[in-house]
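Source file entry-v2.pdb; content: PDB, N, CA and C atoms.
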```pdb
MODEL        1
ATOM      1  N   SER X   1      -1.735 -13.697  30.987
ATOM      2  CA  SER X   1      -1.667 -12.244  30.923
ATOM      3  C   SER X   1      -0.297 -11.762  30.481
ATOM      4  N   THR X   2       0.748 -12.564  30.708
ATOM      5  CA  THR X   2       2.084 -12.168  30.261
ATOM      6  C   THR X   2       2.831 -13.387  29.752
ATOM      7  N   SER X   3       3.851 -13.111  29.005
ATOM      8  CA  SER X   3       4.723 -14.170  28.511
ATOM      9  C   SER X   3       6.126 -13.600  28.407
ATOM     10  N   LEU X   4       7.084 -14.329  28.889
ATOM     11  CA  LEU X   4       8.467 -13.876  28.810
ATOM     12  C   LEU X   4       9.060 -14.290  27.472
ATOM     13  N   VAL X   5       9.674 -13.345  26.806
ATOM     14  CA  VAL X   5      10.295 -13.596  25.511
ATOM     15  C   VAL X   5      11.769 -13.255  25.633
ATOM     16  N   HIS X   6      12.596 -14.158  25.164
ATOM     17  CA  HIS X   6      14.033 -13.919  25.203
ATOM     18  C   HIS X   6      14.573 -13.973  23.773
ATOM     19  N   PRO X   7      15.434 -13.032  23.417
ATOM     20  CA  PRO X   7      15.990 -13.027  22.056
ATOM     21  C   PRO X   7      16.617 -14.362  21.655
ATOM     22  N   ARG X   8      17.171 -15.075  22.600
ATOM     23  CA  ARG X   8      17.801 -16.375  22.321
ATOM     24  C   ARG X   8      16.812 -17.298  21.614
ATOM     25  N   GLU X   9      15.588 -17.388  22.131
ATOM     26  CA  GLU X   9      14.583 -18.266  21.529
ATOM     27  C   GLU X   9      14.051 -17.691  20.213
ATOM     28  N   VAL X  10      13.871 -16.392  20.171
ATOM     29  CA  VAL X  10      13.322 -15.761  18.973
ATOM     30  C   VAL X  10      14.268 -15.920  17.783
ATOM     31  N   PHE X  11      15.558 -15.745  18.008
ATOM     32  CA  PHE X  11      16.513 -15.777  16.909
ATOM     33  C   PHE X  11      17.106 -17.157  16.632
ATOM     34  N   ALA X  12      16.810 -18.148  17.438
ATOM     35  CA  ALA X  12      17.398 -19.486  17.249
ATOM     36  C   ALA X  12      17.113 -20.044  15.855
ATOM     37  N   ALA X  13      15.851 -20.065  15.465
ATOM     38  CA  ALA X  13      15.504 -20.604  14.140
ATOM     39  C   ALA X  13      16.053 -19.724  13.027
ATOM     40  N   ALA X  14      16.029 -18.407  13.234
ATOM     41  CA  ALA X  14      16.560 -17.487  12.218
ATOM     42  C   ALA X  14      18.047 -17.742  11.985
ATOM     43  N   LEU X  15      18.780 -17.998  13.039
ATOM     44  CA  LEU X  15      20.206 -18.309  12.910
ATOM     45  C   LEU X  15      20.421 -19.652  12.217
ATOM     46  N   ARG X  16      19.643 -20.664  12.615
ATOM     47  CA  ARG X  16      19.759 -21.993  11.997
ATOM     48  C   ARG X  16      19.500 -21.932  10.490
ATOM     49  N   GLU X  17      18.517 -21.123  10.090
ATOM     50  CA  GLU X  17      18.105 -21.068   8.691
ATOM     51  C   GLU X  17      18.813 -19.962   7.902
ATOM     52  N   ALA X  18      19.741 -19.263   8.545
ATOM     53  CA  ALA X  18      20.470 -18.159   7.913
ATOM     54  C   ALA X  18      19.509 -17.118   7.346
ATOM     55  N   ALA X  19      18.535 -16.739   8.156
ATOM     56  CA  ALA X  19      17.516 -15.770   7.738
ATOM     57  C   ALA X  19      18.137 -14.401   7.493
ATOM     58  N   ALA X  20      17.570 -13.685   6.536
ATOM     59  CA  ALA X  20      18.020 -12.330   6.235
ATOM     60  C   ALA X  20      17.374 -11.314   7.174
ATOM     61  N   SER X  21      16.188 -11.650   7.702
ATOM     62  CA  SER X  21      15.469 -10.782   8.632
ATOM     63  C   SER X  21      14.347 -11.606   9.268
ATOM     64  N   ILE X  22      13.679 -11.006  10.273
ATOM     65  CA  ILE X  22      12.560 -11.710  10.908
ATOM     66  C   ILE X  22      11.379 -10.756  11.088
ATOM     67  N   VAL X  23      10.203 -11.355  11.211
ATOM     68  CA  VAL X  23       8.973 -10.673  11.599
ATOM     69  C   VAL X  23       8.438 -11.448  12.798
ATOM     70  N   VAL X  24       8.141 -10.737  13.871
ATOM     71  CA  VAL X  24       7.612 -11.357  15.083
ATOM     72  C   VAL X  24       6.114 -11.103  15.130
ATOM     73  N   VAL X  25       5.347 -12.150  15.418
ATOM     74  CA  VAL X  25       3.893 -12.036  15.511
ATOM     75  C   VAL X  25       3.439 -12.733  16.777
ATOM     76  N   HIS X  26       2.566 -12.073  17.521
ATOM     77  CA  HIS X  26       1.944 -12.739  18.668
ATOM     78  C   HIS X  26       0.536 -12.208  18.829
ATOM     79  N   ASN X  27      -0.258 -12.924  19.619
ATOM     80  CA  ASN X  27      -1.648 -12.525  19.802
ATOM     81  C   ASN X  27      -1.902 -12.006  21.206
ATOM     82  N   HIS X  28      -2.956 -11.223  21.310
ATOM     83  CA  HIS X  28      -3.479 -10.791  22.600
ATOM     84  C   HIS X  28      -4.829 -11.485  22.766
ATOM     85  N   PRO X  29      -4.916 -12.456  23.647
ATOM     86  CA  PRO X  29      -6.177 -13.186  23.834
ATOM     87  C   PRO X  29      -7.352 -12.292  24.206
ATOM     88  N   SER X  30      -7.078 -11.108  24.749
ATOM     89  CA  SER X  30      -8.157 -10.190  25.115
ATOM     90  C   SER X  30      -8.906  -9.690  23.883
ATOM     91  N   GLY X  31      -8.276  -9.796  22.702
ATOM     92  CA  GLY X  31      -8.888  -9.296  21.483
ATOM     93  C   GLY X  31      -8.445  -7.892  21.129
ATOM     94  N   ASP X  32      -7.855  -7.181  22.082
ATOM     95  CA  ASP X  32      -7.370  -5.820  21.852
ATOM     96  C   ASP X  32      -5.914  -5.888  21.394
ATOM     97  N   PRO X  33      -5.630  -5.522  20.132
ATOM     98  CA  PRO X  33      -4.259  -5.653  19.633
ATOM     99  C   PRO X  33      -3.334  -4.490  20.006
ATOM    100  N   GLU X  34      -3.826  -3.535  20.767
ATOM    101  CA  GLU X  34      -2.982  -2.388  21.127
ATOM    102  C   GLU X  34      -1.757  -2.879  21.905
ATOM    103  N   PRO X  35      -0.544  -2.528  21.444
ATOM    104  CA  PRO X  35       0.671  -3.001  22.104
ATOM    105  C   PRO X  35       0.771  -2.522  23.556
ATOM    106  N   SER X  36       1.174  -3.428  24.417
ATOM    107  CA  SER X  36       1.365  -3.117  25.833
ATOM    108  C   SER X  36       2.754  -2.513  26.024
ATOM    109  N   PRO X  37       3.008  -1.927  27.183
ATOM    110  CA  PRO X  37       4.368  -1.447  27.465
ATOM    111  C   PRO X  37       5.402  -2.572  27.330
ATOM    112  N   GLU X  38       5.023  -3.785  27.736
ATOM    113  CA  GLU X  38       5.927  -4.937  27.609
ATOM    114  C   GLU X  38       6.204  -5.253  26.138
ATOM    115  N   ASP X  39       5.190  -5.116  25.277
ATOM    116  CA  ASP X  39       5.384  -5.337  23.842
ATOM    117  C   ASP X  39       6.405  -4.345  23.286
ATOM    118  N   HIS X  40       6.298  -3.108  23.721
ATOM    119  CA  HIS X  40       7.256  -2.094  23.275
ATOM    120  C   HIS X  40       8.674  -2.435  23.738
ATOM    121  N   GLU X  41       8.784  -2.881  24.979
ATOM    122  CA  GLU X  41      10.104  -3.226  25.532
ATOM    123  C   GLU X  41      10.705  -4.428  24.802
ATOM    124  N   VAL X  42       9.899  -5.453  24.559
ATOM    125  CA  VAL X  42      10.379  -6.635  23.838
ATOM    126  C   VAL X  42      10.814  -6.248  22.428
ATOM    127  N   THR X  43      10.049  -5.392  21.780
ATOM    128  CA  THR X  43      10.396  -4.953  20.428
ATOM    129  C   THR X  43      11.738  -4.242  20.424
ATOM    130  N   LYS X  44      11.952  -3.382  21.386
ATOM    131  CA  LYS X  44      13.226  -2.662  21.486
ATOM    132  C   LYS X  44      14.385  -3.649  21.675
ATOM    133  N   THR X  45      14.195  -4.612  22.561
ATOM    134  CA  THR X  45      15.233  -5.615  22.827
ATOM    135  C   THR X  45      15.526  -6.458  21.587
ATOM    136  N   LEU X  46      14.467  -6.901  20.896
ATOM    137  CA  LEU X  46      14.653  -7.719  19.700
ATOM    138  C   LEU X  46      15.300  -6.922  18.572
ATOM    139  N   LYS X  47      14.939  -5.656  18.455
ATOM    140  CA  LYS X  47      15.557  -4.809  17.431
ATOM    141  C   LYS X  47      17.053  -4.681  17.681
ATOM    142  N   GLU X  48      17.441  -4.460  18.933
ATOM    143  CA  GLU X  48      18.863  -4.346  19.288
ATOM    144  C   GLU X  48      19.599  -5.658  19.051
ATOM    145  N   ALA X  49      18.981  -6.768  19.446
ATOM    146  CA  ALA X  49      19.605  -8.080  19.236
ATOM    147  C   ALA X  49      19.778  -8.359  17.740
ATOM    148  N   GLY X  50      18.757  -8.031  16.967
ATOM    149  CA  GLY X  50      18.831  -8.236  15.526
ATOM    150  C   GLY X  50      19.971  -7.460  14.886
ATOM    151  N   LYS X  51      20.188  -6.243  15.361
ATOM    152  CA  LYS X  51      21.307  -5.444  14.847
ATOM    153  C   LYS X  51      22.631  -6.135  15.136
ATOM    154  N   LEU X  52      22.785  -6.634  16.365
ATOM    155  CA  LEU X  52      24.026  -7.320  16.736
ATOM    156  C   LEU X  52      24.259  -8.583  15.920
ATOM    157  N   LEU X  53      23.172  -9.304  15.630
ATOM    158  CA  LEU X  53      23.277 -10.574  14.917
ATOM    159  C   LEU X  53      23.284 -10.418  13.401
ATOM    160  N   GLY X  54      22.960  -9.231  12.916
ATOM    161  CA  GLY X  54      22.867  -9.035  11.477
ATOM    162  C   GLY X  54      21.593  -9.604  10.889
ATOM    163  N   ILE X  55      20.572  -9.747  11.726
ATOM    164  CA  ILE X  55      19.265 -10.243  11.296
ATOM    165  C   ILE X  55      18.225  -9.215  11.760
ATOM    166  N   PRO X  56      17.943  -8.213  10.936
ATOM    167  CA  PRO X  56      17.049  -7.151  11.382
ATOM    168  C   PRO X  56      15.614  -7.614  11.658
ATOM    169  N   LEU X  57      15.003  -6.931  12.600
ATOM    170  CA  LEU X  57      13.584  -7.132  12.908
ATOM    171  C   LEU X  57      12.797  -6.258  11.934
ATOM    172  N   ASP X  58      12.096  -6.883  10.976
ATOM    173  CA  ASP X  58      11.336  -6.134   9.971
ATOM    174  C   ASP X  58      10.014  -5.605  10.513
ATOM    175  N   ASP X  59       9.386  -6.355  11.409
ATOM    176  CA  ASP X  59       8.112  -5.913  11.970
ATOM    177  C   ASP X  59       7.780  -6.732  13.198
ATOM    178  N   HIS X  60       6.948  -6.165  14.028
ATOM    179  CA  HIS X  60       6.347  -6.865  15.169
ATOM    180  C   HIS X  60       4.862  -6.618  15.029
ATOM    181  N   ILE X  61       4.109  -7.684  14.871
ATOM    182  CA  ILE X  61       2.673  -7.587  14.649
ATOM    183  C   ILE X  61       1.949  -8.205  15.844
ATOM    184  N   VAL X  62       0.988  -7.458  16.372
ATOM    185  CA  VAL X  62       0.166  -7.942  17.478
ATOM    186  C   VAL X  62      -1.234  -8.182  16.919
ATOM    187  N   VAL X  63      -1.719  -9.413  17.056
ATOM    188  CA  VAL X  63      -3.020  -9.811  16.537
ATOM    189  C   VAL X  63      -4.034  -9.826  17.673
ATOM    190  N   GLY X  64      -5.211  -9.268  17.400
ATOM    191  CA  GLY X  64      -6.292  -9.270  18.386
ATOM    192  C   GLY X  64      -7.461 -10.088  17.873
ATOM    193  N   SER X  65      -8.650  -9.574  18.061
ATOM    194  CA  SER X  65      -9.844 -10.270  17.589
ATOM    195  C   SER X  65      -9.831 -10.302  16.064
ATOM    196  N   PRO X  66     -10.630 -11.166  15.455
ATOM    197  CA  PRO X  66     -10.587 -11.335  14.004
ATOM    198  C   PRO X  66     -10.593 -10.005  13.244
ATOM    199  N   GLY X  67      -9.597  -9.886  12.368
ATOM    200  CA  GLY X  67      -9.493  -8.706  11.533
ATOM    201  C   GLY X  67      -8.787  -7.519  12.179
ATOM    202  N   ARG X  68      -8.382  -7.658  13.426
ATOM    203  CA  ARG X  68      -7.722  -6.544  14.122
ATOM    204  C   ARG X  68      -6.274  -6.901  14.411
ATOM    205  N   PHE X  69      -5.375  -5.994  14.056
ATOM    206  CA  PHE X  69      -3.958  -6.188  14.340
ATOM    207  C   PHE X  69      -3.274  -4.825  14.371
ATOM    208  N   VAL X  70      -2.097  -4.812  14.961
ATOM    209  CA  VAL X  70      -1.252  -3.614  14.968
ATOM    210  C   VAL X  70       0.122  -4.016  14.458
ATOM    211  N   SER X  71       0.608  -3.266  13.487
ATOM    212  CA  SER X  71       1.952  -3.450  12.948
ATOM    213  C   SER X  71       2.827  -2.323  13.481
ATOM    214  N   PHE X  72       3.884  -2.676  14.198
ATOM    215  CA  PHE X  72       4.813  -1.664  14.690
ATOM    216  C   PHE X  72       5.405  -0.873  13.523
ATOM    217  N   ARG X  73       5.732  -1.550  12.427
ATOM    218  CA  ARG X  73       6.316  -0.879  11.267
ATOM    219  C   ARG X  73       5.343   0.147  10.698
ATOM    220  N   ARG X  74       4.089  -0.254  10.460
ATOM    221  CA  ARG X  74       3.100   0.664   9.888
ATOM    222  C   ARG X  74       2.859   1.883  10.763
ATOM    223  N   ARG X  75       2.984   1.702  12.075
ATOM    224  CA  ARG X  75       2.783   2.805  12.993
ATOM    225  C   ARG X  75       4.044   3.642  13.212
ATOM    226  N   GLY X  76       5.136   3.247  12.561
ATOM    227  CA  GLY X  76       6.370   3.989  12.697
ATOM    228  C   GLY X  76       7.035   3.787  14.051
ATOM    229  N   MET X  77       6.746   2.665  14.686
ATOM    230  CA  MET X  77       7.281   2.382  16.025
ATOM    231  C   MET X  77       8.474   1.433  15.986
ATOM    232  N   LEU X  78       9.008   1.192  14.799
ATOM    233  CA  LEU X  78      10.108   0.239  14.693
ATOM    234  C   LEU X  78      11.336   0.921  14.141
TER     235      LEU X  78
ENDMDL
END
```
Translate the structure of the given file into structure tokens.
Amino acid sequence: STSLVHPREVFAAALREAAASIVVVHNHPSGDPEPSPEDHEVTKTLKEAGKLLGIPLDDHIVVGSPGRFVSFRRRGML
């Protein structure tokens, strides 16, 4: 039902590979891709961390049942 995400793990590979930006994607096993309050909080934290590191967060995509997803960028939430 929940998963803890820390910017350290999210940005580790991006730092190793000298990424210009990142896109975060995760799934909701329930099939409902509507972002949870925790998803919003994680997005805010990752966006702030990306600014500090110089690796912007381009999007956070939540995948639900086949064909259903929510893009924070498309919804203007990023």
* On this file, the PyMOL selection byres (((chain X and resi 6-10 and name CA) around 10) and name CA) gives some set of residues; write that set as a ChimeraX atom specification. => /X:3-5,11-15,22-24,42-43,45-50
* Starting from the displayed file, determine the output of the PyMOL selection byres ((chain X and resi 64) around 6) and express the residue list as number ranges by chain. => X: 27-28, 31-33, 62-63, 65-70
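Across the model, the gap from CA of Phe72 (chain X) to CA of Ala18 (chain X) is 23.7 Å.
Distance-wise, atom C of Ala19 (chain X) and atom C of Ile55 (chain X) end up 6.7 Å apart.
Across X:Glu41, X:Ser36, X:Leu52, X:Asp58, the tightest approach to Ala20 (chain X) is made by X:Asp58 when counting only N, CA and C atoms.
Within chain X, DSSP run on the backbone puts these residues in helix (DSSP H, G or I): Pro7, Arg8, Glu9, Val10, Phe11, Ala12, Ala13, Ala14, Leu15, Arg16, Pro37, Glu38, Asp39, His40, Glu41, Val42, Thr43, Lys44, Thr45, Leu46, Lys47, Glu48, Ala49, Gly50, Lys51, Leu52 and Leu53 of chain X.
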* Residue neighbourhood Arg74 (chain X), 10 Å, only C-alpha atoms, exclusion window fewer than 6 positions, as JSON, numbers by chain -> {"X": [59, 60, 61]}
* as a PyMOL selection string, which residues of chain X does DSSP assign to strand (DSSP E)? -> chain X and resi 22-27+57-63+69-71
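The two atoms in question, CA of Glu34 (chain X) and atom N of Arg73 (chain X), are spaced 12.3 Å apart.
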For region 59-70 of chain X, I'd like the enclosing box, axis-aligned and padded by 3 Å on every side, reported as AutoDock Vina command-line options with centre and edge lengths in Å to one decimal.
```
--center_x -0.6 --center_y -7.5 --center_z 14.9 --size_x 26.0 --size_y 13.7 --size_z 13.0
```
Since fewer atoms than expected are present, regenerate all heavy atoms for region 10-21 of chain X and write them as a CSV table (one decimal), in the coordinates of the input.
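selection.csv, freshly written:
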```
chain,number,residue,atom,x,y,z
X,10,VAL,N,13.9,-16.4,20.2
X,10,VAL,CA,13.3,-15.8,19.0
X,10,VAL,C,14.3,-15.9,17.8
X,10,VAL,O,13.8,-16.2,16.7
X,10,VAL,CB,13.0,-14.3,19.2
X,10,VAL,CG1,12.6,-13.6,17.9
X,10,VAL,CG2,12.0,-14.1,20.3
X,11,PHE,N,15.6,-15.7,18.0
X,11,PHE,CA,16.5,-15.8,16.9
X,11,PHE,C,17.1,-17.2,16.6
X,11,PHE,O,17.8,-17.3,15.6
X,11,PHE,CB,17.6,-14.8,17.2
X,11,PHE,CG,17.2,-13.3,16.9
X,11,PHE,CD1,16.7,-12.5,17.9
X,11,PHE,CD2,17.2,-12.8,15.6
X,11,PHE,CE1,16.3,-11.2,17.7
X,11,PHE,CE2,16.8,-11.5,15.3
X,11,PHE,CZ,16.4,-10.7,16.4
X,12,ALA,N,16.8,-18.1,17.4
X,12,ALA,CA,17.4,-19.5,17.2
X,12,ALA,C,17.1,-20.0,15.9
X,12,ALA,O,18.0,-20.5,15.1
X,12,ALA,CB,16.9,-20.4,18.3
X,13,ALA,N,15.9,-20.1,15.5
X,13,ALA,CA,15.5,-20.6,14.1
X,13,ALA,C,16.1,-19.7,13.0
X,13,ALA,O,16.5,-20.2,12.0
X,13,ALA,CB,14.0,-20.7,14.0
X,14,ALA,N,16.0,-18.4,13.2
X,14,ALA,CA,16.6,-17.5,12.2
X,14,ALA,C,18.0,-17.7,12.0
X,14,ALA,O,18.5,-17.7,10.8
X,14,ALA,CB,16.3,-16.0,12.6
X,15,LEU,N,18.8,-18.0,13.0
X,15,LEU,CA,20.2,-18.3,12.9
X,15,LEU,C,20.4,-19.7,12.2
X,15,LEU,O,21.3,-19.8,11.3
X,15,LEU,CB,20.9,-18.3,14.3
X,15,LEU,CG,21.1,-16.9,14.9
X,15,LEU,CD1,21.4,-17.0,16.4
X,15,LEU,CD2,22.2,-16.2,14.1
X,16,ARG,N,19.6,-20.7,12.6
X,16,ARG,CA,19.8,-22.0,12.0
X,16,ARG,C,19.5,-21.9,10.5
X,16,ARG,O,20.1,-22.6,9.7
X,16,ARG,CB,18.8,-23.0,12.6
X,16,ARG,CG,19.3,-23.8,13.7
X,16,ARG,CD,18.4,-25.0,14.1
X,16,ARG,NE,17.0,-24.7,14.1
X,16,ARG,CZ,16.3,-24.1,15.2
X,16,ARG,NH1,17.0,-23.9,16.3
X,16,ARG,NH2,15.1,-23.9,15.2
X,17,GLU,N,18.5,-21.1,10.1
X,17,GLU,CA,18.1,-21.1,8.7
X,17,GLU,C,18.8,-20.0,7.9
X,17,GLU,O,18.5,-19.7,6.7
X,17,GLU,CB,16.6,-20.9,8.6
X,17,GLU,CG,15.8,-22.0,9.3
X,17,GLU,CD,16.0,-23.3,8.6
X,17,GLU,OE1,16.2,-23.4,7.4
X,17,GLU,OE2,15.9,-24.3,9.4
X,18,ALA,N,19.7,-19.3,8.5
X,18,ALA,CA,20.5,-18.2,7.9
X,18,ALA,C,19.5,-17.1,7.3
X,18,ALA,O,19.6,-16.7,6.2
X,18,ALA,CB,21.4,-18.7,6.8
X,19,ALA,N,18.5,-16.7,8.2
X,19,ALA,CA,17.5,-15.8,7.7
X,19,ALA,C,18.1,-14.4,7.5
X,19,ALA,O,19.1,-14.0,8.2
X,19,ALA,CB,16.4,-15.7,8.8
X,20,ALA,N,17.6,-13.7,6.5
X,20,ALA,CA,18.0,-12.3,6.2
X,20,ALA,C,17.4,-11.3,7.2
X,20,ALA,O,17.9,-10.2,7.4
X,20,ALA,CB,17.7,-12.0,4.8
X,21,SER,N,16.2,-11.6,7.7
X,21,SER,CA,15.5,-10.8,8.6
X,21,SER,C,14.3,-11.6,9.3
X,21,SER,O,14.1,-12.7,8.9
X,21,SER,CB,14.9,-9.6,7.9
X,21,SER,OG,13.9,-9.9,7.0
```
